[in-house]
Amino acid sequence: MATISLDSLDLAALLCSRVCHDVISPVGAIVNGLEVLEDDNDQSMREFALELIEKSAKQASARLQFARLAFGAAGSAGAAIDLGDAEQVARGLFQDDKISFAWSAPRLLFPKNRVKLLLNLIMIAINAIPRGGSISASVSGDTEKCEFIIRSKGLNARIPAHAEALLAGESETGTVDAHGIQIYYAGMIARASGMTTAFSIDGDEVTLRATSA
């Protein structure tokens, strides 16, 4: 394994690419729904199009709000984020029936990088259950010493490919692409916030744990 070397411009470009990837699907669905409204006079199709537009608009909004908190600056250096706000944007990712989501955390102001880490770990947890299932996220402790535990349970649950190396800032080639940038970024945030991360798997359940030093 080689340490990944990435300058700030490449990091920004790859993160932007990742955000666009997450949002383009629901935005494309909105465009398709609008085309149906313009070209089809069948009432049932128009109702279907309106439902598609409404659902996709909510999905796009939820993903953008999540990205704003998980990737954005979220205030000046040293700013804190309410864990209640983190819960709200996290729940926005689970609007369909594919994955159920449970949250357990005190209502506290946490350092922004630790909240960003928590949200990014939830994103990784989603990738651990490609066929759906359930995810639970819990926060214990306080702003000085805390622990995050995210559990993904579902059929064919697995630790995402290369996730452990990317979290450690390494890859076989010493590079990272848009597909792996989110996990690599989570590792950067973990180190910046003084937390260590670890995976474990037991049957159909993957656990991601982050602990403050």
# chains A, B, ... in the order shown; residues from 1 in each chain; ligands from 1
call {"tool": "residues_around", "arguments": {"residues": "Lys153 of chain A", "least_positions_apart": "4", "cutoff": "7 Å", "atoms": "only C-alpha atoms", "output": "PyMOL selection string"}}
result
chain A and resi 129+133-135+157+204-206
call {"tool": "residues_around", "arguments": {"residues": "Ala213 of chain A", "least_positions_apart": "3", "cutoff": "8 Å", "atoms": "only C-alpha atoms", "output": "ChimeraX atom specification"}}
result
/A:145,194-196
call {"tool": "write_last_selection", "arguments": {"atoms": "C-alpha atoms", "output": "PDB file, in the first residue's frame"}}
result
ATOM      1  CA  LYS A 145     -14.267  12.098  24.640  1.00  0.00           C
ATOM      2  CA  GLY A 194      -8.393  13.162  16.681  1.00  0.00           C
ATOM      3  CA  MET A 195     -10.484  10.035  16.172  1.00  0.00           C
ATOM      4  CA  THR A 196      -9.569   6.524  15.115  1.00  0.00           C
TER       5      THR A 196
END
call {"tool": "residues_around", "arguments": {"residues": "segment 115-118 of chain A", "least_positions_apart": "3", "cutoff": "8 Å", "atoms": "only C-alpha atoms", "output": "PyMOL selection string"}}
result
chain A and resi 69-71+81+83+86+110-112+121-122+148+186+189-190
call {"tool": "write_last_selection", "arguments": {"atoms": "C-alpha atoms", "output": "PDB file, in the first residue's frame"}}
result
ATOM      1  CA  LEU A  69     -23.088  19.443   6.259  1.00  0.00           C
ATOM      2  CA  ALA A  70     -20.956  16.364   5.500  1.00  0.00           C
ATOM      3  CA  PHE A  71     -18.580  18.059   3.039  1.00  0.00           C
ATOM      4  CA  ILE A  81     -22.813  21.673  14.969  1.00  0.00           C
ATOM      5  CA  LEU A  83     -26.275  16.771  16.668  1.00  0.00           C
ATOM      6  CA  ALA A  86     -26.996  16.069  11.921  1.00  0.00           C
ATOM      7  CA  PHE A 110     -20.248  18.843  18.766  1.00  0.00           C
ATOM      8  CA  PRO A 111     -17.076  20.035  17.000  1.00  0.00           C
ATOM      9  CA  LYS A 112     -17.890  20.368  13.310  1.00  0.00           C
ATOM     10  CA  LEU A 121     -19.354   7.154   8.277  1.00  0.00           C
ATOM     11  CA  ILE A 122     -23.107   6.808   7.753  1.00  0.00           C
ATOM     12  CA  PHE A 148     -19.546   6.690  17.292  1.00  0.00           C
ATOM     13  CA  ALA A 186     -13.731  10.561   5.956  1.00  0.00           C
ATOM     14  CA  ILE A 189     -11.636  14.224   8.875  1.00  0.00           C
ATOM     15  CA  ALA A 190     -11.023  11.449  11.421  1.00  0.00           C
TER      16      ALA A 190
END
call {"tool": "closest_residue", "arguments": {"among": "A:Thr197, A:Thr207, A:Ser104, A:Thr175", "to": "Leu11 of chain A", "atoms": "only C-alpha atoms"}}
result
A:Thr175
call {"tool": "closest_residue", "arguments": {"among": "A:Ala178, A:Ala192, A:Leu64, A:Ala125", "to": "Asn113 of chain A", "atoms": "only C-alpha atoms"}}
result
A:Ala192
call {"tool": "select_by_dssp", "arguments": {"residues": "chain A", "states": "alpha helix (DSSP H)", "output": "ChimeraX atom specification"}}
result
/A:8-39,43-70,83-91,112-127,163-167,181-192
call {"tool": "closest_residue", "arguments": {"among": "A:Ala67, A:Val36, A:Leu6, A:Ile30", "to": "Ile53 of chain A", "atoms": "only C-alpha atoms"}}
result
A:Ile30
call {"tool": "closest_residue", "arguments": {"among": "A:Gly33, A:Gly84, A:Gly203, A:Pro130", "to": "Leu50 of chain A", "atoms": "only C-alpha atoms"}}
result
A:Gly33
call {"tool": "atom_distance", "arguments": {"atom1": "atom CA of Asn156 of chain A", "atom2": "atom CA of Ser100 of chain A"}}
result
16.2 Å
